[in-house]
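Novice: I am attaching a structure below and will ask some questions about it afterwards.
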Amino acid sequence: MIDHSALAHVLLPTSIISIVLASIFAGQSFKMYKIAQSQFLLGLVIGFASIALGDFFLLITATFGPILESSQYNLLYWYRLIFLSAGFVFIALTYHYRSKQDQQIPLLKIGIAAFIMTGIVLFLTNITMQLPGPTIANQSNFLFRLFNVIILAYIVKSSLQYVAQKNGPIHVPFAFMILLMGQFSVLIFSIDGSVAARIASNILRDVGLFILVWSVFVKNKAGISTTKIQS
């Protein structure tokens with residue numbers, strides 16, 4: 001049986017931390033974008049801003065769920081699933097186009113593709129929810145969580161390939177691996193209702209985001225130092 005009180009005590013603070021960390025990462029990446037004018041960085045800004053927005057909707061539902069009408073709660077819950085998954089897809093496609101050195105990153109096409117792919121998952125979810133009997137596939141969030149695991153696995157692969165090609169820092173793909181583990185944990189929660197898996201997913205998400213924030217602060221500091229030397 002799921003201990004909802006235990007979940008609430010963890011979901012609220014970890015969701016706030018997640019919103020803050022994702023917003024900081026997006027903001028610091030935007031500062032780097034203004035210097036480097038890299039569309040890859042702008043893609044990360046949009047992707048992580050979407051993730052922060054998704055966690056914001058989670059925070060609202062977790063905080064005000066008891067006083068919200070059923071239709072309001074469901075709408076906010078769907079917003080949370082859509083923006084979180086769209087953010088992951090945006091990051092994955094940004095990495096995909098980054099590997100193609102001879103062309104610019106088409107951010108508008110990526111945005112359209114991200115919401116089309118997320119819309120397909122939403123459509124399939126609506127279909128599976130009509131299946132008879134209580135099954136895993138009936139759960140409104142199961143397909144989204146499975147989709148996020150697949151997308152994050154692609155991001156991990158792409159970031160590792162970039163590290164291998166450019167001899168870059170390993171902490172970025174390591175952070176995405178932790179985010180992948182977090183999404184896998186919440187997928188386990190969908191299957192067996194394990195409170196430990198649900199709590200672990202939020203903690204892992206915050207740890208992964210913290211490593212990414214640390215990495216972008218290091219890059220910003222290095223960029224400032226280089227500017228000072230060149231001047």
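Ligands are numbered from 1 in the order shown, residues from 1 within each chain, and chains are lettered A, B, ... in the order they appear in the structure tokens.
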Applying 12 Å and only C-alpha atoms, which residues near Ala175 of chain A remain after dropping the ones on its own chain fewer than 2 positions away? List them as a PyMOL selection string.

Specialist: chain A and resi 152-153+155-156+159-160+169-173+177-182+204-216

Novice: Keeping N, CA and C atoms, export the residues of the selection given above as a PDB file, in the first residue's frame.

Specialist:
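Output file again_12.pdb follows:
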```pdb
ATOM      1  N   LEU A 152      15.997   9.603 -22.400  1.00  0.00           N
ATOM      2  CA  LEU A 152      17.187   9.875 -21.590  1.00  0.00           C
ATOM      3  C   LEU A 152      18.318   8.914 -21.921  1.00  0.00           C
ATOM      4  N   ALA A 153      17.993   7.672 -22.256  1.00  0.00           N
ATOM      5  CA  ALA A 153      19.026   6.725 -22.675  1.00  0.00           C
ATOM      6  C   ALA A 153      19.720   7.232 -23.941  1.00  0.00           C
ATOM      7  N   ILE A 155      19.987  10.423 -24.775  1.00  0.00           N
ATOM      8  CA  ILE A 155      20.793  11.579 -24.373  1.00  0.00           C
ATOM      9  C   ILE A 155      22.113  11.121 -23.772  1.00  0.00           C
ATOM     10  N   VAL A 156      22.063  10.093 -22.935  1.00  0.00           N
ATOM     11  CA  VAL A 156      23.290   9.550 -22.339  1.00  0.00           C
ATOM     12  C   VAL A 156      24.236   9.064 -23.430  1.00  0.00           C
ATOM     13  N   SER A 159      25.673  12.123 -25.354  1.00  0.00           N
ATOM     14  CA  SER A 159      26.639  12.900 -24.571  1.00  0.00           C
ATOM     15  C   SER A 159      27.936  12.128 -24.384  1.00  0.00           C
ATOM     16  N   LEU A 160      27.848  10.804 -24.265  1.00  0.00           N
ATOM     17  CA  LEU A 160      29.064   9.983 -24.163  1.00  0.00           C
ATOM     18  C   LEU A 160      29.847  10.003 -25.478  1.00  0.00           C
ATOM     19  N   PRO A 169      34.572  16.663 -20.612  1.00  0.00           N
ATOM     20  CA  PRO A 169      34.353  16.211 -19.229  1.00  0.00           C
ATOM     21  C   PRO A 169      33.276  15.139 -19.150  1.00  0.00           C
ATOM     22  N   ILE A 170      33.505  14.167 -18.281  1.00  0.00           N
ATOM     23  CA  ILE A 170      32.591  13.033 -18.170  1.00  0.00           C
ATOM     24  C   ILE A 170      31.406  13.345 -17.271  1.00  0.00           C
ATOM     25  N   HIS A 171      31.464  14.450 -16.494  1.00  0.00           N
ATOM     26  CA  HIS A 171      30.402  14.661 -15.508  1.00  0.00           C
ATOM     27  C   HIS A 171      29.051  14.985 -16.142  1.00  0.00           C
ATOM     28  N   VAL A 172      29.029  15.497 -17.372  1.00  0.00           N
ATOM     29  CA  VAL A 172      27.736  15.791 -18.007  1.00  0.00           C
ATOM     30  C   VAL A 172      26.987  14.500 -18.352  1.00  0.00           C
ATOM     31  N   PRO A 173      27.612  13.548 -19.087  1.00  0.00           N
ATOM     32  CA  PRO A 173      26.893  12.282 -19.302  1.00  0.00           C
ATOM     33  C   PRO A 173      26.604  11.534 -18.001  1.00  0.00           C
ATOM     34  N   MET A 177      23.051  10.174 -16.768  1.00  0.00           N
ATOM     35  CA  MET A 177      22.857   8.793 -16.308  1.00  0.00           C
ATOM     36  C   MET A 177      22.056   8.760 -15.011  1.00  0.00           C
ATOM     37  N   ILE A 178      22.349   9.692 -14.110  1.00  0.00           N
ATOM     38  CA  ILE A 178      21.616   9.757 -12.848  1.00  0.00           C
ATOM     39  C   ILE A 178      20.159  10.145 -13.100  1.00  0.00           C
ATOM     40  N   LEU A 179      19.935  11.090 -14.021  1.00  0.00           N
ATOM     41  CA  LEU A 179      18.560  11.445 -14.384  1.00  0.00           C
ATOM     42  C   LEU A 179      17.836  10.238 -14.987  1.00  0.00           C
ATOM     43  N   LEU A 180      18.559   9.454 -15.787  1.00  0.00           N
ATOM     44  CA  LEU A 180      17.987   8.230 -16.360  1.00  0.00           C
ATOM     45  C   LEU A 180      17.603   7.247 -15.255  1.00  0.00           C
ATOM     46  N   MET A 181      18.482   7.079 -14.274  1.00  0.00           N
ATOM     47  CA  MET A 181      18.182   6.193 -13.151  1.00  0.00           C
ATOM     48  C   MET A 181      16.945   6.679 -12.384  1.00  0.00           C
ATOM     49  N   GLY A 182      16.803   8.006 -12.270  1.00  0.00           N
ATOM     50  CA  GLY A 182      15.635   8.562 -11.600  1.00  0.00           C
ATOM     51  C   GLY A 182      14.351   8.239 -12.338  1.00  0.00           C
ATOM     52  N   LEU A 204      17.308  11.210  -7.004  1.00  0.00           N
ATOM     53  CA  LEU A 204      18.242  11.031  -8.124  1.00  0.00           C
ATOM     54  C   LEU A 204      18.117  12.178  -9.126  1.00  0.00           C
ATOM     55  N   ARG A 205      16.896  12.617  -9.393  1.00  0.00           N
ATOM     56  CA  ARG A 205      16.674  13.744 -10.307  1.00  0.00           C
ATOM     57  C   ARG A 205      17.386  14.994  -9.807  1.00  0.00           C
ATOM     58  N   ASP A 206      17.256  15.268  -8.511  1.00  0.00           N
ATOM     59  CA  ASP A 206      17.884  16.462  -7.940  1.00  0.00           C
ATOM     60  C   ASP A 206      19.410  16.351  -7.960  1.00  0.00           C
ATOM     61  N   VAL A 207      19.933  15.140  -7.708  1.00  0.00           N
ATOM     62  CA  VAL A 207      21.386  14.942  -7.751  1.00  0.00           C
ATOM     63  C   VAL A 207      21.907  15.169  -9.165  1.00  0.00           C
ATOM     64  N   GLY A 208      21.207  14.601 -10.156  1.00  0.00           N
ATOM     65  CA  GLY A 208      21.620  14.793 -11.546  1.00  0.00           C
ATOM     66  C   GLY A 208      21.594  16.255 -11.955  1.00  0.00           C
ATOM     67  N   LEU A 209      20.536  16.964 -11.573  1.00  0.00           N
ATOM     68  CA  LEU A 209      20.434  18.391 -11.901  1.00  0.00           C
ATOM     69  C   LEU A 209      21.509  19.202 -11.184  1.00  0.00           C
ATOM     70  N   PHE A 210      21.838  18.815  -9.948  1.00  0.00           N
ATOM     71  CA  PHE A 210      22.886  19.527  -9.204  1.00  0.00           C
ATOM     72  C   PHE A 210      24.237  19.404  -9.921  1.00  0.00           C
ATOM     73  N   ILE A 211      24.550  18.208 -10.422  1.00  0.00           N
ATOM     74  CA  ILE A 211      25.816  18.013 -11.144  1.00  0.00           C
ATOM     75  C   ILE A 211      25.835  18.867 -12.404  1.00  0.00           C
ATOM     76  N   LEU A 212      24.717  18.946 -13.110  1.00  0.00           N
ATOM     77  CA  LEU A 212      24.647  19.776 -14.316  1.00  0.00           C
ATOM     78  C   LEU A 212      24.823  21.253 -13.977  1.00  0.00           C
ATOM     79  N   VAL A 213      24.197  21.703 -12.891  1.00  0.00           N
ATOM     80  CA  VAL A 213      24.357  23.099 -12.470  1.00  0.00           C
ATOM     81  C   VAL A 213      25.804  23.378 -12.105  1.00  0.00           C
ATOM     82  N   TRP A 214      26.414  22.457 -11.382  1.00  0.00           N
ATOM     83  CA  TRP A 214      27.837  22.617 -11.022  1.00  0.00           C
ATOM     84  C   TRP A 214      28.706  22.707 -12.273  1.00  0.00           C
ATOM     85  N   SER A 215      28.408  21.870 -13.273  1.00  0.00           N
ATOM     86  CA  SER A 215      29.216  21.856 -14.498  1.00  0.00           C
ATOM     87  C   SER A 215      29.091  23.169 -15.260  1.00  0.00           C
ATOM     88  N   VAL A 216      27.881  23.735 -15.306  1.00  0.00           N
ATOM     89  CA  VAL A 216      27.703  24.979 -16.063  1.00  0.00           C
ATOM     90  C   VAL A 216      28.335  26.154 -15.331  1.00  0.00           C
TER      91      VAL A 216
END
```

Novice: Please provide the set of residues having any atom within 9 Å of segment 33-50 of chain A, restricted to only C-alpha atoms, with same-chain residues fewer than 3 positions apart removed, written as an MDAnalysis selection string.

Specialist: chainID A and resid 19 22:23 25:30 53:55 83:95 97:98 104:107 110:111 223

Novice: Limited to N, CA, C and O atoms, could you put the picked residues into a file as a compact mmCIF listing (two decimals), in the first residue's frame?

Specialist:
```txt
# COMPACT_ATOMS: atom_id res chain seq x y z
N ILE A 19 12.90 22.40 -9.40
CA ILE A 19 12.54 23.61 -10.13
C ILE A 19 13.67 24.63 -10.07
O ILE A 19 14.06 25.23 -11.08
N ALA A 22 16.83 23.27 -12.15
CA ALA A 22 16.60 23.32 -13.60
C ALA A 22 16.56 24.76 -14.09
O ALA A 22 17.07 25.07 -15.18
N SER A 23 15.98 25.66 -13.28
CA SER A 23 15.92 27.07 -13.67
C SER A 23 17.30 27.70 -13.65
O SER A 23 17.65 28.50 -14.55
N PHE A 25 20.14 26.12 -14.11
CA PHE A 25 20.88 25.58 -15.26
C PHE A 25 20.47 26.28 -16.54
O PHE A 25 21.32 26.66 -17.36
N ALA A 26 19.17 26.48 -16.72
CA ALA A 26 18.69 27.17 -17.92
C ALA A 26 19.21 28.60 -17.96
O ALA A 26 19.65 29.09 -19.01
N GLY A 27 19.20 29.29 -16.80
CA GLY A 27 19.68 30.67 -16.75
C GLY A 27 21.16 30.80 -17.02
O GLY A 27 21.60 31.68 -17.78
N GLN A 28 21.96 29.91 -16.43
CA GLN A 28 23.40 29.94 -16.65
C GLN A 28 23.75 29.56 -18.10
O GLN A 28 24.68 30.12 -18.69
N SER A 29 23.00 28.61 -18.66
CA SER A 29 23.22 28.25 -20.05
C SER A 29 22.90 29.42 -20.97
O SER A 29 23.56 29.63 -22.00
N PHE A 30 21.87 30.19 -20.61
CA PHE A 30 21.52 31.36 -21.42
C PHE A 30 22.63 32.41 -21.36
O PHE A 30 22.92 33.07 -22.37
N LEU A 53 9.25 23.84 -15.82
CA LEU A 53 7.82 24.13 -15.88
C LEU A 53 7.00 22.89 -15.54
O LEU A 53 6.00 22.97 -14.81
N GLY A 54 7.44 21.73 -16.03
CA GLY A 54 6.76 20.49 -15.70
C GLY A 54 6.79 20.21 -14.21
O GLY A 54 5.78 19.82 -13.61
N ASP A 55 7.94 20.43 -13.57
CA ASP A 55 8.04 20.23 -12.13
C ASP A 55 7.23 21.26 -11.35
O ASP A 55 6.75 20.99 -10.24
N PHE A 83 5.07 18.73 -20.44
CA PHE A 83 6.23 19.62 -20.45
C PHE A 83 7.52 18.90 -20.04
O PHE A 83 8.59 19.20 -20.57
N LEU A 84 7.42 17.95 -19.11
CA LEU A 84 8.61 17.19 -18.72
C LEU A 84 9.13 16.37 -19.89
O LEU A 84 10.33 16.42 -20.22
N SER A 85 8.25 15.63 -20.55
CA SER A 85 8.66 14.79 -21.68
C SER A 85 9.13 15.64 -22.85
O SER A 85 10.13 15.31 -23.51
N ALA A 86 8.43 16.75 -23.12
CA ALA A 86 8.84 17.64 -24.22
C ALA A 86 10.23 18.21 -23.96
O ALA A 86 11.03 18.36 -24.89
N GLY A 87 10.52 18.53 -22.70
CA GLY A 87 11.85 19.04 -22.36
C GLY A 87 12.94 18.02 -22.65
O GLY A 87 13.99 18.34 -23.23
N PHE A 88 12.70 16.77 -22.26
CA PHE A 88 13.68 15.71 -22.52
C PHE A 88 13.88 15.50 -24.03
O PHE A 88 15.00 15.32 -24.51
N VAL A 89 12.77 15.52 -24.78
CA VAL A 89 12.87 15.34 -26.24
C VAL A 89 13.65 16.49 -26.86
O VAL A 89 14.48 16.29 -27.76
N PHE A 90 13.39 17.71 -26.40
CA PHE A 90 14.08 18.88 -26.95
C PHE A 90 15.59 18.74 -26.73
O PHE A 90 16.39 19.01 -27.63
N ILE A 91 15.99 18.30 -25.53
CA ILE A 91 17.42 18.11 -25.24
C ILE A 91 18.00 17.01 -26.12
O ILE A 91 19.10 17.15 -26.67
N ALA A 92 17.26 15.90 -26.27
CA ALA A 92 17.74 14.78 -27.08
C ALA A 92 17.94 15.19 -28.54
O ALA A 92 18.97 14.87 -29.15
N LEU A 93 16.96 15.91 -29.12
CA LEU A 93 17.09 16.33 -30.51
C LEU A 93 18.18 17.39 -30.68
O LEU A 93 18.84 17.45 -31.72
N THR A 94 18.38 18.22 -29.66
CA THR A 94 19.47 19.20 -29.70
C THR A 94 20.81 18.49 -29.77
O THR A 94 21.71 18.86 -30.54
N TYR A 95 20.97 17.44 -28.97
CA TYR A 95 22.19 16.63 -29.03
C TYR A 95 22.33 15.94 -30.38
O TYR A 95 23.43 15.82 -30.93
N TYR A 97 21.26 16.93 -33.38
CA TYR A 97 21.71 17.85 -34.42
C TYR A 97 23.11 18.38 -34.13
O TYR A 97 23.83 18.77 -35.06
N ARG A 98 23.51 18.39 -32.87
CA ARG A 98 24.86 18.84 -32.53
C ARG A 98 25.90 17.91 -33.15
O ARG A 98 26.99 18.34 -33.52
N GLN A 104 23.30 23.93 -38.97
CA GLN A 104 22.84 24.58 -37.76
C GLN A 104 21.75 23.75 -37.09
O GLN A 104 21.14 22.87 -37.71
N ILE A 105 21.54 24.03 -35.82
CA ILE A 105 20.52 23.32 -35.07
C ILE A 105 19.18 24.01 -35.30
O ILE A 105 18.99 25.16 -34.89
N PRO A 106 18.22 23.33 -35.95
CA PRO A 106 16.92 23.96 -36.26
C PRO A 106 16.00 23.92 -35.04
O PRO A 106 15.19 23.01 -34.88
N LEU A 107 16.09 24.93 -34.19
CA LEU A 107 15.37 24.92 -32.92
C LEU A 107 13.85 24.91 -33.10
O LEU A 107 13.14 24.26 -32.33
N ILE A 110 12.87 21.43 -33.98
CA ILE A 110 13.02 20.59 -32.79
C ILE A 110 11.83 20.79 -31.86
O ILE A 110 11.28 19.83 -31.31
N GLY A 111 11.42 22.06 -31.68
CA GLY A 111 10.28 22.34 -30.81
C GLY A 111 9.01 21.70 -31.32
O GLY A 111 8.25 21.10 -30.55
N GLY A 223 35.01 30.53 -18.74
CA GLY A 223 34.83 31.50 -19.81
C GLY A 223 35.19 32.90 -19.39
O GLY A 223 35.82 33.66 -20.14
```

Novice: Using atom CA of Ile199 of chain A and atom CA of Asn141 of chain A as the two end points, give the distance in Å to one decimal.

Specialist: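 Computed distance, atom CA of Ile199 of chain A to atom CA of Asn141 of chain A, equals 16.4 Å.
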
Novice: Could you name the residues that touch segment 183-194 of chain A at 6 Å or less, counting only C-alpha atoms, but leaving out those on the same chain fewer than 5 positions away, as a list in words?

Specialist: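 Once the adjacent positions are removed, what remains is Arg145, Val149 and Ser201 of chain A.
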
Novice: Could you dump the residues just selected with C-alpha atoms as a PDB file, in the first residue's frame?

Specialist:
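Saved as out-v6.pdb:
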```
ATOM      1  CA  ARG A 145       7.685   7.377 -17.941  1.00  0.00           C
ATOM      2  CA  VAL A 149      13.544   6.440 -20.023  1.00  0.00           C
ATOM      3  CA  SER A 201      13.469   8.944  -8.340  1.00  0.00           C
TER       4      SER A 201
END
```

Novice: Between atom CA of Phe56 of chain A and atom CA of Asn126 of chain A, measure the distance and give it in Å to one decimal.

Specialist: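 Result for atom CA of Phe56 of chain A versus atom CA of Asn126 of chain A: 23.2 Å, one decimal.
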
Novice: Tell me which of A:Leu68, A:Val163, A:Met32, A:Leu58 sits closest to Lys219 of chain A, counting only C-alpha atoms.

Specialist: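 That would be A:Met32, the residue with the smallest distance to Lys219 of chain A.
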
Novice: Could you please determine the separation between atom CA of Thr63 of chain A and atom CA of Asn148 of chain A in Å, to one decimal place?

Specialist: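 Atom CA of Asn148 of chain A lies at a distance of 24.1 Å from atom CA of Thr63 of chain A.
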
Novice: Where does DSSP see helix (DSSP H, G or I) in segment 38-108 of chain A, if you list the residues as a PDB file with C-alpha atoms, in the first residue's frame?

Specialist:
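Below you can see out_30.pdb, which holds the result:
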```pdb
ATOM      1  CA  GLN A  39      22.314  27.206 -30.703  1.00  0.00           C
ATOM      2  CA  PHE A  40      23.138  24.054 -28.768  1.00  0.00           C
ATOM      3  CA  LEU A  41      23.197  26.080 -25.549  1.00  0.00           C
ATOM      4  CA  LEU A  42      19.923  27.771 -26.490  1.00  0.00           C
ATOM      5  CA  GLY A  43      18.426  24.332 -27.045  1.00  0.00           C
ATOM      6  CA  LEU A  44      19.475  23.323 -23.540  1.00  0.00           C
ATOM      7  CA  VAL A  45      17.914  26.513 -22.171  1.00  0.00           C
ATOM      8  CA  ILE A  46      14.551  25.683 -23.759  1.00  0.00           C
ATOM      9  CA  GLY A  47      14.715  22.007 -22.779  1.00  0.00           C
ATOM     10  CA  PHE A  48      15.522  22.601 -19.114  1.00  0.00           C
ATOM     11  CA  ALA A  49      13.057  25.487 -18.874  1.00  0.00           C
ATOM     12  CA  SER A  50      10.377  23.041 -20.037  1.00  0.00           C
ATOM     13  CA  ILE A  51      11.504  20.525 -17.392  1.00  0.00           C
ATOM     14  CA  ALA A  52      11.324  23.225 -14.695  1.00  0.00           C
ATOM     15  CA  LEU A  53       7.823  24.130 -15.882  1.00  0.00           C
ATOM     16  CA  GLY A  54       6.759  20.493 -15.703  1.00  0.00           C
ATOM     17  CA  ASP A  55       8.042  20.232 -12.126  1.00  0.00           C
ATOM     18  CA  PHE A  56       6.218  23.466 -11.296  1.00  0.00           C
ATOM     19  CA  PHE A  57       2.926  21.836 -12.297  1.00  0.00           C
ATOM     20  CA  LEU A  58       3.882  18.806 -10.169  1.00  0.00           C
ATOM     21  CA  LEU A  59       4.465  21.118  -7.219  1.00  0.00           C
ATOM     22  CA  ILE A  60       1.050  22.731  -7.673  1.00  0.00           C
ATOM     23  CA  THR A  61      -0.748  19.377  -7.830  1.00  0.00           C
ATOM     24  CA  ALA A  62       1.180  18.049  -4.813  1.00  0.00           C
ATOM     25  CA  THR A  63       0.517  21.212  -2.790  1.00  0.00           C
ATOM     26  CA  PHE A  64      -3.057  22.074  -3.716  1.00  0.00           C
ATOM     27  CA  GLY A  65      -4.321  18.652  -4.835  1.00  0.00           C
ATOM     28  CA  PRO A  66      -6.813  18.252  -1.952  1.00  0.00           C
ATOM     29  CA  ILE A  67      -8.555  21.550  -2.729  1.00  0.00           C
ATOM     30  CA  SER A  70     -10.924  16.856 -10.327  1.00  0.00           C
ATOM     31  CA  SER A  71     -10.848  18.521 -13.759  1.00  0.00           C
ATOM     32  CA  GLN A  72      -8.294  21.126 -12.579  1.00  0.00           C
ATOM     33  CA  TYR A  73      -6.082  18.482 -10.990  1.00  0.00           C
ATOM     34  CA  ASN A  74      -6.146  16.314 -14.123  1.00  0.00           C
ATOM     35  CA  LEU A  75      -5.342  19.269 -16.380  1.00  0.00           C
ATOM     36  CA  LEU A  76      -2.338  20.302 -14.270  1.00  0.00           C
ATOM     37  CA  TYR A  77      -1.193  16.671 -14.110  1.00  0.00           C
ATOM     38  CA  TRP A  78      -1.279  16.353 -17.904  1.00  0.00           C
ATOM     39  CA  TYR A  79       0.626  19.629 -18.231  1.00  0.00           C
ATOM     40  CA  ARG A  80       3.302  18.191 -15.921  1.00  0.00           C
ATOM     41  CA  LEU A  81       3.707  15.031 -18.024  1.00  0.00           C
ATOM     42  CA  ILE A  82       3.711  16.903 -21.338  1.00  0.00           C
ATOM     43  CA  PHE A  83       6.233  19.619 -20.448  1.00  0.00           C
ATOM     44  CA  LEU A  84       8.608  17.186 -18.720  1.00  0.00           C
ATOM     45  CA  SER A  85       8.662  14.793 -21.681  1.00  0.00           C
ATOM     46  CA  ALA A  86       8.838  17.642 -24.218  1.00  0.00           C
ATOM     47  CA  GLY A  87      11.855  19.040 -22.358  1.00  0.00           C
ATOM     48  CA  PHE A  88      13.679  15.711 -22.524  1.00  0.00           C
ATOM     49  CA  VAL A  89      12.866  15.338 -26.238  1.00  0.00           C
ATOM     50  CA  PHE A  90      14.083  18.877 -26.947  1.00  0.00           C
ATOM     51  CA  ILE A  91      17.416  18.113 -25.238  1.00  0.00           C
ATOM     52  CA  ALA A  92      17.740  14.784 -27.080  1.00  0.00           C
ATOM     53  CA  LEU A  93      17.087  16.335 -30.511  1.00  0.00           C
ATOM     54  CA  THR A  94      19.471  19.198 -29.704  1.00  0.00           C
ATOM     55  CA  TYR A  95      22.189  16.629 -29.025  1.00  0.00           C
ATOM     56  CA  HIS A  96      21.221  14.795 -32.217  1.00  0.00           C
ATOM     57  CA  TYR A  97      21.712  17.850 -34.415  1.00  0.00           C
ATOM     58  CA  ARG A  98      24.862  18.839 -32.535  1.00  0.00           C
ATOM     59  CA  LEU A 107      15.368  24.918 -32.918  1.00  0.00           C
ATOM     60  CA  LEU A 108      11.924  25.617 -34.368  1.00  0.00           C
TER      61      LEU A 108
END
```
